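Undergrad: Got a file for you: structure.cif, mmCIF, C-alpha atoms.
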data_entry
#
loop_
_atom_site.label_atom_id
_atom_site.label_comp_id
_atom_site.auth_asym_id
_atom_site.auth_seq_id
_atom_site.Cartn_x
_atom_site.Cartn_y
_atom_site.Cartn_z
CA MET A 228 46.77 29.26 -29.70
CA ASP A 229 45.71 30.26 -26.20
CA SER A 230 42.77 32.16 -27.69
CA ALA A 231 41.60 29.08 -29.61
CA ILE A 232 41.83 26.92 -26.48
CA SER A 233 39.92 29.54 -24.51
CA ASN A 234 37.17 29.70 -27.14
CA THR A 235 36.89 25.90 -27.15
CA ASN A 236 36.65 25.81 -23.35
CA ASN A 237 34.00 28.53 -23.35
CA LYS A 238 31.97 26.66 -25.97
CA SER A 239 32.22 23.42 -24.00
CA TYR A 240 31.17 25.23 -20.83
CA LYS A 241 28.15 26.79 -22.53
CA ILE A 242 27.10 23.43 -23.99
CA PHE A 243 27.45 21.73 -20.61
CA LEU A 244 25.47 24.50 -18.92
CA LYS A 245 22.64 24.12 -21.44
CA LYS A 246 22.59 20.34 -20.95
CA PHE A 247 22.67 20.78 -17.18
CA ILE A 248 19.64 23.09 -17.24
CA ILE A 249 17.69 20.81 -19.60
CA ALA A 250 18.53 17.75 -17.49
CA LEU A 251 17.32 19.59 -14.37
CA ILE A 252 14.06 20.44 -16.14
CA GLY A 253 13.63 16.74 -16.97
CA VAL A 254 14.31 15.68 -13.38
CA SER A 255 11.89 18.33 -12.09
CA LEU A 256 9.14 16.86 -14.25
CA VAL A 257 10.00 13.37 -12.95
CA GLY A 258 9.72 14.59 -9.35
CA PHE A 259 6.44 16.40 -9.98
CA GLY A 260 5.09 13.36 -11.85
CA LEU A 261 5.91 11.00 -8.98
CA ALA A 262 4.19 13.36 -6.53
CA PHE A 263 1.05 13.66 -8.67
CA ASN A 264 0.87 9.89 -9.17
CA SER A 265 1.04 9.38 -5.42
CA ALA A 266 -1.57 12.08 -4.81
CA GLY A 267 -3.87 10.47 -7.40
CA MET A 268 -3.96 7.27 -5.31
CA LEU A 269 -4.46 5.07 -8.36
CA GLY A 270 -1.08 3.36 -8.11
CA ASN A 271 2.53 4.16 -8.98
CA ASP A 272 5.11 2.81 -11.40
CA SER A 273 7.07 -0.17 -10.05
CA VAL A 274 10.03 1.79 -8.64
CA ALA A 275 7.72 4.36 -7.06
CA VAL A 276 5.81 1.47 -5.44
CA LEU A 277 9.13 0.52 -3.81
CA TYR A 278 9.65 4.10 -2.58
CA ASP A 279 6.10 4.20 -1.25
CA GLY A 280 6.40 0.79 0.40
CA ILE A 281 9.54 1.78 2.29
CA ARG A 282 7.84 5.03 3.33
CA ASN A 283 4.88 3.05 4.62
CA ALA A 284 7.12 0.54 6.43
CA PHE A 285 8.69 3.38 8.41
CA GLY A 286 5.28 4.87 9.17
CA LEU A 287 6.04 8.14 7.41
CA PRO A 288 3.34 10.39 5.89
CA ILE A 289 2.94 10.63 2.11
CA GLU A 290 4.57 14.06 2.19
CA LYS A 291 7.84 12.36 3.19
CA LEU A 292 7.96 10.32 -0.03
CA GLY A 293 10.63 12.68 -1.36
CA LEU A 294 12.90 12.02 1.62
CA VAL A 295 12.51 8.26 1.22
CA THR A 296 13.19 8.55 -2.53
CA ASN A 297 16.45 10.36 -1.79
CA LEU A 298 17.55 7.71 0.70
CA VAL A 299 16.75 4.80 -1.62
CA ASN A 300 18.56 6.50 -4.52
CA ILE A 301 21.61 7.02 -2.29
CA VAL A 302 21.60 3.28 -1.57
CA PHE A 303 21.32 2.51 -5.31
CA LEU A 304 24.07 5.02 -6.06
CA THR A 305 26.34 3.39 -3.47
CA ILE A 306 25.71 -0.05 -4.99
CA VAL A 307 26.65 1.20 -8.46
CA LEU A 308 29.76 2.93 -7.10
CA LEU A 309 30.88 -0.25 -5.37
CA PHE A 310 30.32 -2.64 -8.29
CA ASP A 311 30.85 -0.62 -11.47
CA ARG A 312 31.43 3.11 -11.24
CA LYS A 313 31.60 3.51 -15.04
CA TYR A 314 27.84 4.11 -14.96
CA ILE A 315 28.29 7.11 -12.67
CA ASN A 316 28.38 10.50 -14.40
CA ILE A 317 27.42 14.06 -13.56
CA GLY A 318 23.88 13.31 -14.71
CA THR A 319 23.55 10.62 -12.03
CA PHE A 320 23.95 13.25 -9.32
CA ILE A 321 21.78 15.79 -11.18
CA TYR A 322 19.03 13.17 -11.09
CA ALA A 323 19.53 11.68 -7.64
CA LEU A 324 20.33 14.61 -5.37
CA PRO A 325 17.40 17.00 -5.99
CA LEU A 326 14.71 14.40 -6.78
CA GLY A 327 13.40 14.09 -3.24
CA SER A 328 13.03 17.85 -2.83
CA LEU A 329 11.34 18.09 -6.23
CA ILE A 330 8.80 15.44 -5.20
CA SER A 331 8.02 17.51 -2.10
CA ILE A 332 7.56 20.59 -4.30
CA GLY A 333 5.30 18.52 -6.56
CA PHE A 334 3.00 17.75 -3.62
CA LYS A 335 2.81 21.47 -2.83
CA ILE A 336 1.95 22.28 -6.47
CA HIS A 337 -0.77 19.64 -6.39
CA GLY A 338 -2.14 21.19 -3.21
CA ILE A 339 -2.15 24.66 -4.76
CA LEU A 340 -4.09 23.37 -7.78
CA ASN A 341 -6.69 22.00 -5.37
CA ILE A 342 -7.81 19.21 -7.71
CA ARG A 343 -10.88 17.42 -6.35
CA THR A 344 -10.45 13.99 -4.79
CA THR A 345 -13.37 12.56 -6.78
CA ILE A 346 -12.60 9.68 -9.15
CA GLY A 347 -12.51 12.18 -12.01
CA GLY A 348 -10.08 14.39 -10.12
CA ARG A 349 -7.87 11.42 -9.25
CA ILE A 350 -7.82 10.27 -12.87
CA LEU A 351 -6.82 13.80 -13.94
CA THR A 352 -4.11 13.92 -11.27
CA SER A 353 -2.72 10.54 -12.34
CA PHE A 354 -2.86 11.50 -16.02
CA LEU A 355 -0.88 14.67 -15.29
CA GLY A 356 1.50 12.63 -13.15
CA CYS A 357 2.20 10.04 -15.83
CA SER A 358 2.55 12.73 -18.49
CA MET A 359 5.13 14.66 -16.48
CA LEU A 360 6.94 11.46 -15.51
CA PHE A 361 7.21 10.18 -19.09
CA ILE A 362 8.20 13.56 -20.53
CA GLY A 363 10.77 14.12 -17.77
CA ILE A 364 12.42 10.73 -18.23
CA GLY A 365 12.35 11.16 -22.02
CA ILE A 366 14.12 14.54 -21.76
CA PHE A 367 16.69 13.17 -19.32
CA ILE A 368 17.51 10.23 -21.58
CA ALA A 369 17.72 12.45 -24.68
CA ILE A 370 20.16 14.91 -23.10
CA ASN A 371 22.58 11.99 -22.58
CA ILE A 372 24.38 13.35 -19.54
CA GLY A 373 24.44 10.16 -17.46
CA VAL A 374 22.12 7.48 -16.07
CA ASP A 375 19.96 7.72 -12.97
CA PRO A 376 20.74 5.37 -10.02
CA VAL A 377 17.86 3.00 -10.84
CA THR A 378 19.05 2.58 -14.43
CA GLY A 379 22.56 2.07 -13.07
CA VAL A 380 21.32 -0.86 -10.99
CA ASN A 381 19.49 -2.24 -14.03
CA MET A 382 22.76 -2.10 -15.98
CA LEU A 383 24.59 -3.91 -13.18
CA VAL A 384 22.03 -6.72 -13.24
CA LYS A 385 22.36 -6.92 -17.03
CA ASP A 386 26.15 -7.18 -16.80
CA LYS A 387 26.21 -9.70 -13.97
CA THR A 388 23.52 -11.98 -15.43
CA LYS A 389 24.57 -11.55 -19.10
CA LEU A 390 20.92 -10.90 -19.96
CA GLN A 391 19.56 -8.32 -22.39
CA TYR A 392 18.80 -4.94 -20.86
CA LYS A 393 15.03 -5.25 -21.36
CA THR A 394 15.06 -8.59 -19.50
CA ALA A 395 17.19 -7.18 -16.68
CA LYS A 396 14.85 -4.21 -16.39
CA ILE A 397 11.80 -6.46 -16.15
CA ILE A 398 13.53 -8.42 -13.35
CA CYS A 399 14.38 -5.21 -11.48
CA ASP A 400 10.90 -3.75 -11.99
CA LEU A 401 9.19 -6.92 -10.77
CA THR A 402 11.53 -7.11 -7.77
CA SER A 403 10.82 -3.46 -6.90
CA LEU A 404 7.08 -4.01 -7.31
CA ILE A 405 6.99 -7.16 -5.16
CA ILE A 406 9.10 -5.67 -2.36
CA GLY A 407 7.28 -2.34 -2.45
CA PHE A 408 3.80 -3.90 -2.52
CA SER A 409 4.66 -6.30 0.32
CA LEU A 410 5.70 -3.28 2.40
CA GLY A 411 2.42 -1.51 1.71
CA GLY A 412 3.29 0.49 -1.38
CA LYS A 413 0.31 1.58 -3.45
CA ALA A 414 -0.17 -0.36 -6.69
CA GLY A 415 -3.16 0.02 -8.95
CA VAL A 416 -4.38 0.73 -12.43
CA VAL A 417 -1.58 3.25 -13.03
CA THR A 418 0.96 0.54 -12.17
CA ILE A 419 -0.49 -1.70 -14.89
CA ILE A 420 -0.79 1.12 -17.45
CA THR A 421 2.80 2.30 -16.94
CA ALA A 422 4.10 -1.25 -17.17
CA PHE A 423 2.76 -1.51 -20.73
CA THR A 424 3.10 2.09 -21.94
CA ALA A 425 6.14 3.62 -20.21
CA GLY A 426 8.81 2.03 -22.41
CA PRO A 427 7.48 2.89 -25.88
CA VAL A 428 6.08 6.31 -24.85
CA ILE A 429 9.32 7.40 -23.16
CA GLN A 430 11.35 6.17 -26.15
CA LYS A 431 9.15 8.17 -28.55
CA ILE A 432 9.38 11.30 -26.40
CA SER A 433 13.14 10.94 -26.14
CA GLU A 434 13.61 10.49 -29.88
CA THR A 435 11.28 13.38 -30.71
CA PHE A 436 12.94 15.72 -28.20
CA ASP A 437 16.35 14.81 -29.60
CA LYS A 438 15.32 15.46 -33.21
CA LYS A 439 13.05 18.46 -32.73
CA ILE A 440 14.68 20.34 -29.85
CA LEU A 441 18.26 19.23 -29.21
CA LYS A 442 19.14 19.15 -32.89
CA LYS A 443 18.09 22.78 -33.27
CA MET A 444 20.21 23.64 -30.22
CA ASN A 445 23.20 21.69 -31.63
CA LEU A 446 23.21 19.47 -28.56
CA ASN A 447 22.08 16.13 -29.92
CA ASN A 448 25.52 15.03 -31.14
CA TYR A 449 27.49 16.37 -28.19
CA SER A 450 28.69 13.96 -25.51
CA ASN A 451 30.45 14.80 -22.25
#
Would you mind writing the file out in structure tokens?
TA:
Amino acid sequence: MDSAISNTNNKSYKIFLKKFIIALIGVSLVGFGLAFNSAGMLGNDSVAVLYDGIRNAFGLPIEKLGLVTNLVNIVFLTIVLLFDRKYINIGTFIYALPLGSLISIGFKIHGILNIRTTIGGRILTSFLGCSMLFIGIGIFIAINIGVDPVTGVNMLVKDKTKLQYKTAKIICDLTSLIIGFSLGGKAGVVTIITAFTAGPVIQKISETFDKKILKKMNLNNYSN
């Protein structure tokens, strides 16, 4: 009996460890993507515009975007904890805690690549940024280990207003965009592109990753 319990615990531990590593890979791509989008200077997604606007309001250099991201996510995390902690899971902390440092690493990677600051180079940088961002979020959603703080706030708005999630998300995105832009956050063509493409692209990536990768690893039907 004890042996069976031990085997079950070991299996659960191994599954959790695999999901933890995959979730961290997804978050790393999100951080690198946010850094590349900022470095491309063609605009950010709506939440990143908020991060950038707060950074600008405090007069901090672009390299400090990661620090600001961490602080804003801590505020979002606190709000979710205060109003409905059911949305808080281990994945929330896996996403929130290292994201700022990963953005800083992303800036360093971009610097090492030494991509030209011509319009062509900026388009390439932004394309790489959006690709990493979408893939990272798709992986994180597919691994199903918890929601990030921003999604947690979206869920709170949905619950409090009794609106559908997609409507609540639009409200939160527009609010983030307006506040961020008014504080000097960079919005541009990438902001418009991500507004129309992020949802369906991320959903497709998430579904594909779940079916093609997680299913083969026997992780797609496991929940913590």
Undergrad: Identify which of the residues A:Ala250, A:Leu410, A:Leu326, A:Leu269 lies closest to Phe354 in chain A, counting all atoms listed in the file when measuring atom-to-atom distances.
TA: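 Ranking A:Ala250, A:Leu410, A:Leu326, A:Leu269 by distance to Phe354 in chain A, first place goes to A:Leu269.
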Undergrad: Which residue is closest to His337 in chain A? Choose from A:Ile370, A:Leu383, A:Leu404, A:Ala262 and count all atoms listed in the file.
TA: A:Ala262
Undergrad: Rounded to one decimal in Å, what is the spacing between CA of Lys413 in chain A and CA of Gly318 in chain A?
TA: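 About the pair CA of Lys413 in chain A and CA of Gly318 in chain A: they are 28.6 Å apart.
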Undergrad: Taking into account all atoms listed in the file, which residue in the set A:Asn271, A:Asn264, A:Ser433, A:Thr394 is nearest to Ile362 in chain A?
TA: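 So, comparing all the options, the nearest one is A:Ser433.
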Undergrad: Using all atoms listed in the file, pick whichever of A:Tyr314, A:Ser328, A:Ile432, A:Lys439 has the shortest atom-to-atom distance to Asp386 in chain A.
TA: A:Tyr314
Undergrad: Could you check the closest approach to Phe263 in chain A for each of A:Leu309, A:Leu441, A:Ile336, A:Ile346 and tell me which residue wins, using all atoms listed in the file?
TA: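 Closest to Phe263 in chain A of all the choices is A:Ile336.
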Undergrad: Exactly which residues make up the result of the PyMOL selection byres ((chain A and resi 377) around 9) on this file, given as JSON, numbers by chain?
TA: {"A": [274, 300, 303, 304, 374, 375, 376, 378, 379, 380, 381, 382, 399]}
Undergrad: To one decimal in Å, tell me the separation between CA of Val428 in chain A and CA of Thr305 in chain A.
TA: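 We find that CA of Val428 in chain A and CA of Thr305 in chain A lie 29.6 Å from each other.
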Undergrad: With all atoms listed in the file as the atoms that count, which of A:Ile301, A:Met268, A:Ile252, A:Ala369 lies nearest to Thr418 in chain A?
TA: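 Checking each candidate against Thr418 in chain A, we get A:Met268 as the closest.
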Undergrad: Name the residues that the PyMOL selection byres ((chain A and resi 371) around 12) pulls out of this structure, and write them as a PyMOL selection string.
TA: chain A and resi 243+246-247+249-250+253+316-319+364-370+372-375+433-434+436-437+441+446-451
Undergrad: Pull the neighbourhood of (-4.8, 0.5, -8.0) for me: all residues within 12 Å in file coordinates, counting all atoms listed in the file, as a list in words.
TA: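 Selection result: Asn264, Ser265, Gly267, Met268, Leu269, Gly270, Asn271, Asp272, Val276, Arg349, Ile350, Ser353, Phe408, Gly412, Lys413, Ala414, Gly415, Val416, Val417, Thr418, Ile419, Ile420 and Thr421 of chain A.
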Undergrad: Figure out the distance between CA of Met359 in chain A and CA of Asn341 in chain A, please, to one decimal in Å.
TA: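 Interatomic distance, CA of Asn341 in chain A to CA of Met359 in chain A: 17.8 Å.
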Undergrad: Residues within 7 Å of Leu292 in chain A, please, as an MDAnalysis selection string. Count all atoms listed in the file; anything in the same chain fewer than 4 positions from it doesn't count.
TA: chainID A and resid 278:279 282 296
Undergrad: The PyMOL selection byres ((chain A and resi 338) around 12) - which residues does that actually catch in the file I just gave you? List them as a PyMOL selection string.
TA: chain A and resi 259+262-263+266-267+290+331-337+339-344+352
Undergrad: Draw an axis-aligned box tight on the listed atoms of range 324-342 of chain A, then pad every side by 8 Å and write out centre and edge lengths in Å to one decimal as AutoDock Vina command-line options.
TA:
--center_x 6.3 --center_y 19.4 --center_z -4.9 --size_x 44.1 --size_y 26.6 --size_z 21.7
Undergrad: Kindly add N, CA and C atoms to the incomplete range 255-291 of chain A and provide the output as a compact mmCIF listing (two decimals), keeping the file's coordinate frame.
TA:
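And here's rebuild_32.txt as it stands now:
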# COMPACT_ATOMS: atom_id res chain seq x y z
N SER A 255 12.99 17.63 -12.77
CA SER A 255 11.89 18.33 -12.09
C SER A 255 10.55 17.72 -12.49
N LEU A 256 10.38 17.46 -13.78
CA LEU A 256 9.14 16.86 -14.25
C LEU A 256 8.97 15.45 -13.69
N VAL A 257 10.07 14.71 -13.56
CA VAL A 257 10.00 13.37 -12.95
C VAL A 257 9.52 13.47 -11.51
N GLY A 258 10.11 14.41 -10.75
CA GLY A 258 9.72 14.59 -9.35
C GLY A 258 8.27 14.99 -9.21
N PHE A 259 7.84 15.96 -10.03
CA PHE A 259 6.44 16.40 -9.98
C PHE A 259 5.50 15.25 -10.38
N GLY A 260 5.91 14.48 -11.39
CA GLY A 260 5.09 13.36 -11.85
C GLY A 260 4.92 12.30 -10.77
N LEU A 261 6.00 11.99 -10.06
CA LEU A 261 5.91 11.00 -8.98
C LEU A 261 4.97 11.50 -7.87
N ALA A 262 5.06 12.79 -7.56
CA ALA A 262 4.19 13.36 -6.53
C ALA A 262 2.73 13.30 -6.95
N PHE A 263 2.43 13.68 -8.18
CA PHE A 263 1.05 13.66 -8.67
C PHE A 263 0.50 12.24 -8.71
N ASN A 264 1.33 11.29 -9.14
CA ASN A 264 0.87 9.89 -9.17
C ASN A 264 0.51 9.41 -7.77
N SER A 265 1.33 9.77 -6.80
CA SER A 265 1.04 9.38 -5.42
C SER A 265 -0.23 10.05 -4.92
N ALA A 266 -0.38 11.33 -5.24
CA ALA A 266 -1.57 12.08 -4.81
C ALA A 266 -2.84 11.56 -5.47
N GLY A 267 -2.71 11.00 -6.69
CA GLY A 267 -3.87 10.47 -7.40
C GLY A 267 -4.40 9.19 -6.80
N MET A 268 -3.56 8.49 -6.03
CA MET A 268 -3.96 7.27 -5.31
C MET A 268 -4.55 6.19 -6.22
N LEU A 269 -4.03 6.13 -7.45
CA LEU A 269 -4.46 5.07 -8.36
C LEU A 269 -3.29 4.14 -8.71
N GLY A 270 -2.24 4.21 -7.89
CA GLY A 270 -1.08 3.36 -8.11
C GLY A 270 0.11 4.14 -8.64
N ASN A 271 1.28 3.56 -8.52
CA ASN A 271 2.53 4.16 -8.98
C ASN A 271 3.24 3.22 -9.93
N ASP A 272 4.27 3.73 -10.63
CA ASP A 272 5.11 2.81 -11.40
C ASP A 272 5.88 1.93 -10.43
N SER A 273 6.51 0.86 -10.92
CA SER A 273 7.07 -0.17 -10.05
C SER A 273 8.12 0.37 -9.07
N VAL A 274 9.00 1.25 -9.52
CA VAL A 274 10.03 1.79 -8.64
C VAL A 274 9.41 2.71 -7.59
N ALA A 275 8.41 3.49 -8.01
CA ALA A 275 7.72 4.36 -7.06
C ALA A 275 6.94 3.55 -6.03
N VAL A 276 6.46 2.36 -6.40
CA VAL A 276 5.81 1.47 -5.44
C VAL A 276 6.81 1.07 -4.36
N LEU A 277 8.07 0.84 -4.78
CA LEU A 277 9.13 0.52 -3.81
C LEU A 277 9.35 1.70 -2.86
N TYR A 278 9.49 2.91 -3.42
CA TYR A 278 9.65 4.10 -2.58
C TYR A 278 8.50 4.20 -1.57
N ASP A 279 7.29 4.03 -2.08
CA ASP A 279 6.10 4.20 -1.25
C ASP A 279 6.02 3.10 -0.19
N GLY A 280 6.43 1.89 -0.56
CA GLY A 280 6.40 0.79 0.40
C GLY A 280 7.37 1.02 1.55
N ILE A 281 8.55 1.50 1.24
CA ILE A 281 9.54 1.78 2.29
C ILE A 281 9.04 2.92 3.17
N ARG A 282 8.43 3.93 2.55
CA ARG A 282 7.84 5.03 3.33
C ARG A 282 6.80 4.50 4.30
N ASN A 283 5.94 3.61 3.80
CA ASN A 283 4.88 3.05 4.62
C ASN A 283 5.45 2.19 5.74
N ALA A 284 6.51 1.42 5.44
CA ALA A 284 7.12 0.54 6.43
C ALA A 284 7.68 1.31 7.61
N PHE A 285 8.14 2.54 7.35
CA PHE A 285 8.69 3.38 8.41
C PHE A 285 7.62 4.27 9.04
N GLY A 286 6.37 4.12 8.58
CA GLY A 286 5.28 4.87 9.17
C GLY A 286 5.34 6.36 8.90
N LEU A 287 5.90 6.73 7.75
CA LEU A 287 6.04 8.14 7.41
C LEU A 287 4.85 8.61 6.57
N PRO A 288 4.46 9.87 6.69
CA PRO A 288 3.34 10.39 5.89
C PRO A 288 3.71 10.49 4.42
N ILE A 289 2.72 10.59 3.55
CA ILE A 289 2.94 10.63 2.11
C ILE A 289 3.82 11.81 1.72
N GLU A 290 3.76 12.89 2.51
CA GLU A 290 4.57 14.06 2.19
C GLU A 290 6.07 13.80 2.33
N LYS A 291 6.43 12.71 3.01
CA LYS A 291 7.84 12.36 3.19
C LYS A 291 8.36 11.42 2.10
